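Just my_file-v1.csv here, CSV, C-alpha atoms and all ligand atoms:
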```
chain,number,residue,atom,x,y,z
A,210,MET,CA,-66.4,57.3,7.4
A,211,ALA,CA,-64.0,55.7,4.8
A,212,ILE,CA,-64.8,56.7,1.2
A,213,TYR,CA,-64.6,54.1,-1.6
A,214,PRO,CA,-65.1,56.0,-4.9
A,215,GLU,CA,-65.4,52.7,-6.7
A,216,LEU,CA,-68.7,51.9,-4.9
A,217,LYS,CA,-70.5,54.9,-6.5
A,218,ASN,CA,-73.3,53.5,-8.6
A,219,ARG,CA,-72.5,49.9,-7.7
A,220,ILE,CA,-75.8,48.0,-7.4
A,221,VAL,CA,-76.2,46.7,-3.8
A,222,ALA,CA,-79.0,44.5,-2.5
A,223,ILE,CA,-79.4,44.2,1.2
A,224,THR,CA,-81.8,41.9,3.0
A,225,GLY,CA,-83.2,42.8,6.4
A,226,ALA,CA,-82.6,46.5,5.5
A,227,ALA,CA,-85.5,47.9,7.5
A,228,GLU,CA,-83.8,47.7,10.9
A,229,GLY,CA,-80.6,47.3,12.8
A,230,ILE,CA,-77.4,46.2,11.1
A,231,GLY,CA,-79.1,46.0,7.6
A,232,ALA,CA,-80.4,49.6,7.9
A,233,SER,CA,-77.0,50.9,9.1
A,234,THR,CA,-75.4,49.1,6.1
A,235,ALA,CA,-77.9,50.8,3.8
A,236,HIS,CA,-76.9,54.2,5.2
A,237,ALA,CA,-73.2,53.4,4.7
A,238,PHE,CA,-73.6,52.3,1.1
A,239,ALA,CA,-75.9,55.3,0.4
A,240,GLU,CA,-73.1,57.6,1.6
A,241,GLN,CA,-70.8,56.0,-1.1
A,242,GLY,CA,-73.4,56.8,-3.8
A,243,ALA,CA,-74.3,53.2,-4.4
A,244,GLN,CA,-77.6,52.2,-6.0
A,245,LEU,CA,-79.6,50.2,-3.5
A,246,ALA,CA,-82.3,47.5,-3.3
A,247,LEU,CA,-83.5,47.4,0.3
A,248,ILE,CA,-85.3,44.1,0.8
A,249,ASP,CA,-87.4,43.4,3.9
A,250,ILE,CA,-90.7,41.9,5.0
A,251,ASN,CA,-91.5,45.2,6.8
A,252,ASP,CA,-92.3,47.6,3.9
A,253,ARG,CA,-93.1,50.6,6.2
A,254,GLY,CA,-89.7,50.1,7.9
A,255,ILE,CA,-87.9,50.2,4.5
A,256,ASP,CA,-89.8,53.4,3.5
A,257,LYS,CA,-88.6,55.0,6.8
A,258,VAL,CA,-85.0,54.0,6.2
A,259,ILE,CA,-85.1,55.3,2.6
A,260,ALA,CA,-86.5,58.6,3.8
A,261,ALA,CA,-83.5,59.1,6.0
A,262,LEU,CA,-80.8,58.0,3.5
A,263,SER,CA,-78.1,60.3,2.3
A,264,PRO,CA,-79.0,62.3,-0.8
A,265,SER,CA,-75.8,61.1,-2.3
A,266,ARG,CA,-77.3,57.6,-2.9
A,267,GLY,CA,-78.0,56.4,-6.4
A,268,LYS,CA,-81.3,55.0,-7.5
A,269,THR,CA,-83.0,53.2,-4.6
A,270,LEU,CA,-85.7,50.5,-4.6
A,271,ALA,CA,-87.9,49.4,-1.7
A,272,VAL,CA,-88.5,45.7,-2.2
A,273,ARG,CA,-91.0,43.9,0.1
A,274,ALA,CA,-90.2,40.2,0.2
A,275,ASP,CA,-90.1,37.3,2.6
A,276,VAL,CA,-86.6,35.8,2.3
A,277,THR,CA,-87.8,32.4,3.5
A,278,ASP,CA,-90.2,32.1,0.6
A,279,ALA,CA,-88.8,30.9,-2.8
A,280,ALA,CA,-91.5,32.6,-4.9
A,281,SER,CA,-91.2,35.9,-3.0
A,282,VAL,CA,-87.4,35.9,-3.4
A,283,ALA,CA,-87.6,35.1,-7.1
A,284,ALA,CA,-90.0,37.9,-7.8
A,285,ALA,CA,-87.9,40.3,-5.7
A,286,MET,CA,-84.7,39.4,-7.6
A,287,GLN,CA,-86.4,39.7,-10.9
A,288,ARG,CA,-87.6,43.2,-10.0
A,289,ILE,CA,-84.2,44.4,-8.7
A,290,THR,CA,-82.1,43.2,-11.6
A,291,GLY,CA,-84.7,44.6,-14.1
A,292,GLU,CA,-85.2,48.0,-12.5
A,293,LEU,CA,-81.6,48.5,-11.5
A,294,SER,CA,-80.1,46.8,-14.6
A,295,GLY,CA,-78.1,44.1,-12.7
A,296,LEU,CA,-76.5,43.4,-9.4
A,297,ASP,CA,-73.0,43.8,-8.1
A,298,VAL,CA,-73.1,43.2,-4.3
A,299,LEU,CA,-75.5,41.0,-2.4
A,300,ILE,CA,-75.7,41.3,1.4
A,301,ASN,CA,-77.6,38.7,3.2
A,302,CYS,CA,-78.4,40.3,6.6
A,303,ALA,CA,-82.0,39.2,7.4
A,304,GLY,CA,-81.9,36.9,10.4
A,305,GLY,CA,-82.3,36.6,14.1
A,306,TYR,CA,-84.0,34.5,16.8
A,307,GLY,CA,-86.9,35.0,19.2
A,308,ARG,CA,-85.6,33.8,22.6
A,309,LEU,CA,-82.8,32.2,24.5
A,310,ALA,CA,-83.5,28.4,24.4
A,311,THR,CA,-82.1,25.0,25.2
A,312,VAL,CA,-82.3,21.9,22.9
A,313,GLU,CA,-84.6,20.3,25.4
A,314,ASP,CA,-87.2,23.0,25.4
A,315,MET,CA,-87.1,23.7,21.7
A,316,PRO,CA,-90.2,22.7,19.8
A,317,LEU,CA,-89.6,21.5,16.2
A,318,ASN,CA,-91.5,24.5,14.7
A,319,GLU,CA,-89.1,26.9,16.4
A,320,TRP,CA,-86.1,24.9,15.1
A,321,ASP,CA,-87.6,25.0,11.5
A,322,GLN,CA,-88.4,28.7,11.6
A,323,THR,CA,-85.0,29.7,12.9
A,324,LEU,CA,-83.2,27.6,10.3
A,325,ALA,CA,-85.5,29.0,7.6
A,326,LEU,CA,-84.9,32.6,8.5
A,327,ASN,CA,-81.1,32.3,9.0
A,328,LEU,CA,-80.0,29.6,6.6
A,329,ARG,CA,-82.6,28.7,4.0
A,330,SER,CA,-83.0,32.4,3.3
A,331,VAL,CA,-79.3,32.8,2.5
A,332,PHE,CA,-79.5,29.8,0.0
A,333,LEU,CA,-82.7,31.1,-1.6
A,334,VAL,CA,-81.6,34.8,-2.1
A,335,THR,CA,-78.0,33.8,-3.1
A,336,LYS,CA,-79.2,31.3,-5.7
A,337,ALA,CA,-81.6,33.8,-7.2
A,338,ALA,CA,-78.8,36.4,-7.4
A,339,ILE,CA,-76.0,34.3,-8.9
A,340,PRO,CA,-76.9,34.8,-12.6
A,341,SER,CA,-76.8,38.6,-12.2
A,342,LEU,CA,-73.7,38.6,-10.0
A,343,LYS,CA,-71.9,36.6,-12.7
A,344,GLN,CA,-72.5,39.5,-15.1
A,345,SER,CA,-70.9,42.0,-12.8
A,346,LYS,CA,-67.3,43.1,-13.1
A,347,ALA,CA,-66.9,43.0,-9.2
A,348,GLY,CA,-69.5,40.5,-7.9
A,349,ARG,CA,-69.6,40.2,-4.2
A,350,ILE,CA,-71.5,38.1,-1.7
A,351,ILE,CA,-71.4,39.2,1.9
A,352,ASN,CA,-73.3,37.1,4.5
A,353,VAL,CA,-74.0,38.0,8.1
A,354,ALA,CA,-73.5,35.1,10.5
A,355,SER,CA,-72.9,35.6,14.3
A,356,ILE,CA,-70.4,34.8,17.0
A,357,SER,CA,-73.0,32.2,17.9
A,358,GLY,CA,-72.0,30.3,14.8
A,359,ARG,CA,-68.3,30.4,15.8
A,360,THR,CA,-68.4,29.2,19.4
A,361,VAL,CA,-70.6,28.9,22.5
A,362,PHE,CA,-69.7,31.1,25.4
A,363,ALA,CA,-73.2,32.2,26.6
A,364,ASN,CA,-76.7,31.1,26.3
A,365,SER,CA,-78.3,31.8,22.9
A,366,SER,CA,-80.4,29.5,20.7
A,367,PRO,CA,-79.0,26.2,19.5
A,368,ALA,CA,-81.0,26.5,16.3
A,369,TYR,CA,-79.6,30.0,15.7
A,370,GLY,CA,-76.0,28.9,16.4
A,371,ALA,CA,-76.4,25.9,14.1
A,372,ALA,CA,-77.9,28.0,11.3
A,373,LYS,CA,-75.2,30.6,11.6
A,374,ALA,CA,-72.4,27.9,11.5
A,375,GLY,CA,-74.2,26.7,8.4
A,376,VAL,CA,-74.1,30.2,6.9
A,377,ILE,CA,-70.3,30.2,7.5
A,378,GLN,CA,-69.7,26.9,5.8
A,379,PHE,CA,-72.2,27.7,3.0
A,380,THR,CA,-70.2,30.9,2.3
A,381,ARG,CA,-67.0,28.8,1.9
A,382,PHE,CA,-68.8,26.7,-0.7
A,383,LEU,CA,-69.9,29.8,-2.5
A,384,ALA,CA,-66.3,31.1,-2.4
A,385,TYR,CA,-65.0,27.8,-3.9
A,386,GLN,CA,-67.7,27.4,-6.5
A,387,LEU,CA,-68.2,31.0,-7.6
A,388,GLY,CA,-64.6,32.2,-7.4
A,389,PRO,CA,-63.9,31.0,-11.0
A,390,ALA,CA,-66.7,33.3,-12.1
A,391,GLY,CA,-65.0,36.3,-10.4
A,392,ILE,CA,-67.4,36.5,-7.5
A,393,THR,CA,-66.0,36.7,-4.0
A,394,SER,CA,-68.0,35.4,-1.0
A,395,ASN,CA,-67.2,36.3,2.6
A,396,VAL,CA,-69.0,36.3,5.9
A,397,ILE,CA,-69.0,38.5,9.0
A,398,ALA,CA,-69.6,37.1,12.5
A,399,PRO,CA,-70.8,39.9,14.8
A,400,ILE,CA,-70.9,39.9,18.6
A,401,THR,CA,-74.0,41.3,20.5
A,402,THR,CA,-74.6,44.6,18.8
A,403,LEU,CA,-76.5,47.6,20.1
A,404,THR,CA,-79.2,47.8,17.5
A,405,PRO,CA,-82.4,49.5,18.7
A,406,ARG,CA,-83.9,46.1,19.2
A,407,VAL,CA,-81.1,44.8,21.4
A,408,ALA,CA,-80.8,48.1,23.3
A,409,ALA,CA,-84.5,47.8,24.2
A,410,LEU,CA,-84.1,44.2,25.3
A,411,ARG,CA,-81.0,44.5,27.5
A,412,THR,CA,-80.7,46.3,30.8
A,413,LYS,CA,-77.8,48.7,31.5
A,414,GLU,CA,-76.3,46.0,33.8
A,415,ASP,CA,-76.5,43.4,30.9
A,416,VAL,CA,-74.7,45.8,28.6
A,417,GLU,CA,-72.0,46.6,31.1
A,418,ARG,CA,-71.5,42.9,32.0
A,419,ILE,CA,-71.2,41.8,28.3
A,420,ALA,CA,-69.0,44.8,27.5
A,421,GLY,CA,-66.7,43.9,30.5
A,422,GLU,CA,-65.9,40.6,28.8
A,423,VAL,CA,-64.8,42.2,25.6
A,424,PRO,CA,-61.2,43.4,25.4
A,425,LEU,CA,-62.3,46.7,23.8
A,426,ARG,CA,-64.8,47.1,26.7
A,427,ARG,CA,-67.9,47.9,24.6
A,428,LEU,CA,-70.5,46.1,22.6
A,429,ALA,CA,-70.5,46.5,18.8
A,430,VAL,CA,-72.6,49.2,17.2
A,431,PRO,CA,-74.2,48.5,13.8
A,432,GLU,CA,-71.7,50.9,12.1
A,433,ASP,CA,-68.9,48.6,13.1
A,434,HIS,CA,-70.4,46.0,10.8
A,435,ALA,CA,-71.4,48.4,8.1
A,436,GLN,CA,-67.9,49.7,7.8
A,437,ALA,CA,-66.5,46.1,7.5
A,438,MET,CA,-69.1,45.4,4.7
A,439,LEU,CA,-68.1,48.5,2.8
A,440,PHE,CA,-64.5,47.2,2.9
A,441,LEU,CA,-65.5,43.7,1.7
A,442,ALA,CA,-67.4,45.3,-1.2
A,443,SER,CA,-64.5,47.6,-2.1
A,444,ASP,CA,-61.7,46.9,-4.7
A,445,GLY,CA,-59.2,46.6,-1.8
A,446,ALA,CA,-60.9,43.4,-0.8
A,447,ALA,CA,-60.8,41.8,-4.2
A,448,TYR,CA,-58.6,38.9,-3.1
A,449,LEU,CA,-60.5,38.1,0.1
A,450,ASN,CA,-62.6,35.0,-0.6
A,451,GLY,CA,-64.1,32.5,1.9
A,452,VAL,CA,-63.1,34.6,4.9
A,453,THR,CA,-65.0,34.8,8.2
A,454,LEU,CA,-64.5,38.3,9.7
A,455,ASP,CA,-65.0,38.1,13.5
A,456,ILE,CA,-66.3,41.5,14.5
A,457,ASN,CA,-66.3,41.0,18.2
A,458,GLY,CA,-63.8,43.4,19.8
A,459,GLY,CA,-61.5,40.5,20.6
A,460,ARG,CA,-64.1,38.6,22.7
A,461,VAL,CA,-63.4,35.3,20.9
A,462,MET,CA,-60.2,35.0,18.9
A,463,MET,CA,-59.8,32.2,16.4
A,501,LIG,N1,-77.9,42.5,16.8
A,501,LIG,C1,-77.1,41.6,17.2
A,501,LIG,O1,-76.7,41.5,18.4
A,501,LIG,C2,-76.5,40.5,16.3
A,501,LIG,C3,-75.4,39.8,16.7
A,501,LIG,C4,-74.9,38.8,15.8
A,501,LIG,C5,-75.5,38.6,14.5
A,501,LIG,N2,-76.5,39.4,14.2
A,501,LIG,C6,-77.1,39.1,12.9
A,501,LIG,O2,-77.2,40.3,12.1
A,501,LIG,C7,-78.3,40.3,11.3
A,501,LIG,C8,-79.1,41.6,11.5
A,501,LIG,O3,-79.5,41.5,12.9
A,501,LIG,P1,-80.2,42.8,13.6
A,501,LIG,O4,-80.0,42.6,15.1
A,501,LIG,O5,-79.7,44.0,13.0
A,501,LIG,O6,-81.7,42.4,13.2
A,501,LIG,P2,-83.1,43.3,13.4
A,501,LIG,O7,-84.0,42.4,14.1
A,501,LIG,O8,-82.8,44.6,14.0
A,501,LIG,O9,-83.5,43.4,11.9
A,501,LIG,C9,-83.8,42.3,11.1
A,501,LIG,C10,-84.5,42.7,9.9
A,501,LIG,O10,-84.9,41.5,9.1
A,501,LIG,C11,-86.2,41.6,8.7
A,501,LIG,N3,-86.8,40.3,8.5
A,501,LIG,C12,-87.2,39.4,9.4
A,501,LIG,N4,-87.7,38.3,8.9
A,501,LIG,C13,-87.7,38.5,7.5
A,501,LIG,C14,-88.1,37.8,6.4
A,501,LIG,N5,-88.7,36.6,6.5
A,501,LIG,N6,-88.0,38.3,5.2
A,501,LIG,C15,-87.4,39.5,5.0
A,501,LIG,N7,-87.0,40.3,6.0
A,501,LIG,C16,-87.1,39.8,7.3
A,501,LIG,C17,-86.9,42.4,9.8
A,501,LIG,O11,-88.1,43.0,9.4
A,501,LIG,C18,-85.9,43.4,10.2
A,501,LIG,O12,-86.0,44.6,9.4
A,501,LIG,C19,-79.0,39.0,11.5
A,501,LIG,O13,-78.7,38.1,10.6
A,501,LIG,C20,-78.6,38.6,12.9
A,501,LIG,O14,-78.7,37.2,13.1
A,501,LIG,C21,-77.1,40.3,15.0
```

How does this structure look as structure tokens?
Ligand SMILES: NC(=O)c1ccc[n+]([C@@H]2O[C@H](COP(=O)([O-])OP(=O)(O)OC[C@H]3O[C@@H](n4cnc5c(N)ncnc54)[C@H](O)[C@@H]3O)[C@@H](O)[C@H]2O)c1
Amino acid sequence: MAIYPELKNRIVAITGAAEGIGASTAHAFAEQGAQLALIDINDRGIDKVIAALSPSRGKTLAVRADVTDAASVAAAMQRITGELSGLDVLINCAGGYGRLATVEDMPLNEWDQTLALNLRSVFLVTKAAIPSLKQSKAGRIINVASISGRTVFANSSPAYGAAKAGVIQFTRFLAYQLGPAGITSNVIAPITTLTPRVAALRTKEDVERIAGEVPLRRLAVPEDHAQAMLFLASDGAAYLNGVTLDINGGRVMM
């Protein structure tokens, strides 16, 4: 793993940190000695992640919050910036969707819930974090979108794809509006990733078929994204702003 000495003691908040890519990102920042606020609706899950983090981590908070709920987000951010004395890096990773769907078979409540989890959440958490990020010497916002927000090449969820495209464009607005305050904003767009949840859902044949369409001939693993987010938080990425990093093994090139 790459080592970024400047990340030691940086205060990093990660949403969706109890599972998958968010949990892997928590491990990567813990290895660097960062201070962590792990935000998730699943408090038992966060406790499990914290119990397995590297002992090199700095002070670490478990923060139970629903990222779709404004009051819950406000309380979480107040606690984090109070107990960890500020915020340097915000990673909006909570997201996902329940099933493959078509526009024709999608009820309005599914559309609303998917937009809330994937787009409203990013607005709420980011807005609550901005005052503290403005106080940081190296404020960073890293959002997690998806290849589904970049293009359509396989069945997914139209609500999810629309929300993730929204996250990408929202990130560009953040880059434009917060750049003068010294905060960078960037977004990653992962391909299907072998998180424990995805691995349980997909058959071996599915995985081989999808991997066969990727020039690197494998699906992503959560660490691929965690490493990219370490770099985006590092001093070496100080002049990257408004960038979408496609982490897809070359499956879609744009
Ligand atoms: N896994 C993939 O194949 C893949 C591909 C592209 C993009 N992504 C994106 O990466 C991110 C992480 O995906 P993952 O597969 O690791 O997810 P996951 O399902 O493994 O974990 C998501 C986490 O978010 C938490 N969460 C859900 N609703 C919440 C809420 N309302 N408030 C707070 N926390 C909540 C869950 O408890 C869980 O810990 C998501 O934004 C997802 O859209 C994932």

Protein and nucleic residues near ligand LIG 501 (chain A), 8 Å, all atoms listed in the file, as a PyMOL selection string = chain A and resi 224-232+248-251+254-255+273-278+301-306+326-327+330+353-357+369+373+398-407+429+431

Exercise. Which of these, A:Ser265, A:Gln322, A:Ser341, A:Gln241, has the shortest distance to Tyr213 in chain A once you count all atoms listed in the file?
Worked result: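 Residue with the minimum atom-to-atom distance to Tyr213 in chain A: A:Gln241.
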
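Using all atoms listed in the file, the smallest distance between any of A:Pro389, A:Ala283, A:Ile351, A:Gly421 and Val452 in chain A comes from A:Ile351.
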
I want to know what sits within 9 Å of Val312 in chain A, based on all atoms listed in the file, with residues of the same chain fewer than 5 positions away left out; could you give that as a list of chain:residue names?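 Close residues of Val312 in chain A: A:Ser366, A:Pro367, A:Ala368.
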
*If you count all atoms listed in the file, which residues fall within 12 Å of Gln287 in chain A, apart from same-chain ones fewer than 2 positions away, as a PyMOL selection string?*
chain A and resi 246+272+274+280-285+289-296+334+337-341

What separates CA of Trp320 in chain A and CA of Ala435 in chain A is a distance of 28.6 Å

A straight line from CA of Ile419 in chain A to CA of Arg460 in chain A spans 9.6 Å

Tell me, as a PDB file with C-alpha atoms, keeping the file's coordinate frame, which residues lie within 12 Å of Ala243 in chain A, counting only C-alpha atoms; anything in the same chain fewer than 5 positions away does not count.
```pdb
ATOM      1  CA  ILE A 212     -64.800  56.700   1.200  1.00  0.00           C
ATOM      2  CA  TYR A 213     -64.600  54.100  -1.600  1.00  0.00           C
ATOM      3  CA  PRO A 214     -65.100  56.000  -4.900  1.00  0.00           C
ATOM      4  CA  GLU A 215     -65.400  52.700  -6.700  1.00  0.00           C
ATOM      5  CA  LEU A 216     -68.700  51.900  -4.900  1.00  0.00           C
ATOM      6  CA  LYS A 217     -70.500  54.900  -6.500  1.00  0.00           C
ATOM      7  CA  ASN A 218     -73.300  53.500  -8.600  1.00  0.00           C
ATOM      8  CA  ARG A 219     -72.500  49.900  -7.700  1.00  0.00           C
ATOM      9  CA  ILE A 220     -75.800  48.000  -7.400  1.00  0.00           C
ATOM     10  CA  VAL A 221     -76.200  46.700  -3.800  1.00  0.00           C
ATOM     11  CA  ALA A 222     -79.000  44.500  -2.500  1.00  0.00           C
ATOM     12  CA  ILE A 223     -79.400  44.200   1.200  1.00  0.00           C
ATOM     13  CA  THR A 234     -75.400  49.100   6.100  1.00  0.00           C
ATOM     14  CA  ALA A 235     -77.900  50.800   3.800  1.00  0.00           C
ATOM     15  CA  HIS A 236     -76.900  54.200   5.200  1.00  0.00           C
ATOM     16  CA  ALA A 237     -73.200  53.400   4.700  1.00  0.00           C
ATOM     17  CA  PHE A 238     -73.600  52.300   1.100  1.00  0.00           C
ATOM     18  CA  LEU A 262     -80.800  58.000   3.500  1.00  0.00           C
ATOM     19  CA  SER A 263     -78.100  60.300   2.300  1.00  0.00           C
ATOM     20  CA  PRO A 264     -79.000  62.300  -0.800  1.00  0.00           C
ATOM     21  CA  SER A 265     -75.800  61.100  -2.300  1.00  0.00           C
ATOM     22  CA  ARG A 266     -77.300  57.600  -2.900  1.00  0.00           C
ATOM     23  CA  GLY A 267     -78.000  56.400  -6.400  1.00  0.00           C
ATOM     24  CA  LYS A 268     -81.300  55.000  -7.500  1.00  0.00           C
ATOM     25  CA  THR A 269     -83.000  53.200  -4.600  1.00  0.00           C
ATOM     26  CA  LEU A 270     -85.700  50.500  -4.600  1.00  0.00           C
ATOM     27  CA  LEU A 293     -81.600  48.500 -11.500  1.00  0.00           C
ATOM     28  CA  LEU A 296     -76.500  43.400  -9.400  1.00  0.00           C
ATOM     29  CA  ASP A 297     -73.000  43.800  -8.100  1.00  0.00           C
ATOM     30  CA  VAL A 298     -73.100  43.200  -4.300  1.00  0.00           C
ATOM     31  CA  LEU A 439     -68.100  48.500   2.800  1.00  0.00           C
ATOM     32  CA  ALA A 442     -67.400  45.300  -1.200  1.00  0.00           C
ATOM     33  CA  SER A 443     -64.500  47.600  -2.100  1.00  0.00           C
TER      34      SER A 443
END
```

Atom pair CA of Phe379 in chain A + CA of Met463 in chain A, distance 18.8 Å

Residues near Thr335 in chain A, cut-off 10 Å, only C-alpha atoms, skip fewer than 6 positions along chain, as an NGL selection string:
:A and (282 or 286 or 299-301 or 329 or 342 or 350-352 or 380 or 383)

Put those residues in a file: C-alpha atoms, as an mmCIF file, in the coordinates of the input.
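Result file follows (result15.cif):
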```cif
data_model
loop_
_atom_site.group_PDB
_atom_site.id
_atom_site.type_symbol
_atom_site.label_atom_id
_atom_site.label_comp_id
_atom_site.auth_asym_id
_atom_site.auth_seq_id
_atom_site.Cartn_x
_atom_site.Cartn_y
_atom_site.Cartn_z
ATOM 1 C CA VAL A 282 -87.400 35.900 -3.400
ATOM 2 C CA MET A 286 -84.700 39.400 -7.600
ATOM 3 C CA LEU A 299 -75.500 41.000 -2.400
ATOM 4 C CA ILE A 300 -75.700 41.300 1.400
ATOM 5 C CA ASN A 301 -77.600 38.700 3.200
ATOM 6 C CA ARG A 329 -82.600 28.700 4.000
ATOM 7 C CA LEU A 342 -73.700 38.600 -10.000
ATOM 8 C CA ILE A 350 -71.500 38.100 -1.700
ATOM 9 C CA ILE A 351 -71.400 39.200 1.900
ATOM 10 C CA ASN A 352 -73.300 37.100 4.500
ATOM 11 C CA THR A 380 -70.200 30.900 2.300
ATOM 12 C CA LEU A 383 -69.900 29.800 -2.500
#
```

| field | Nearest candidate to Lys413 in chain A (options A:Thr323, A:Glu313, A:Leu247, A:Leu428; using all atoms listed in the file) | value |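 With all atoms listed in the file as the atom set, the closest residue is A:Leu428.
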
Under the rule that only C-alpha atoms are counted, which of A:Asn450, A:Val430, A:Lys257, A:Leu425 is the nearest residue to Ala408 in chain A?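 Of the candidates, the smallest distance to Ala408 in chain A is held by A:Val430.
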
Closest of A:Asp455, A:Ser365, A:Ala371, A:Phe440 to Ile397 in chain A, counting only C-alpha atoms, is A:Asp455
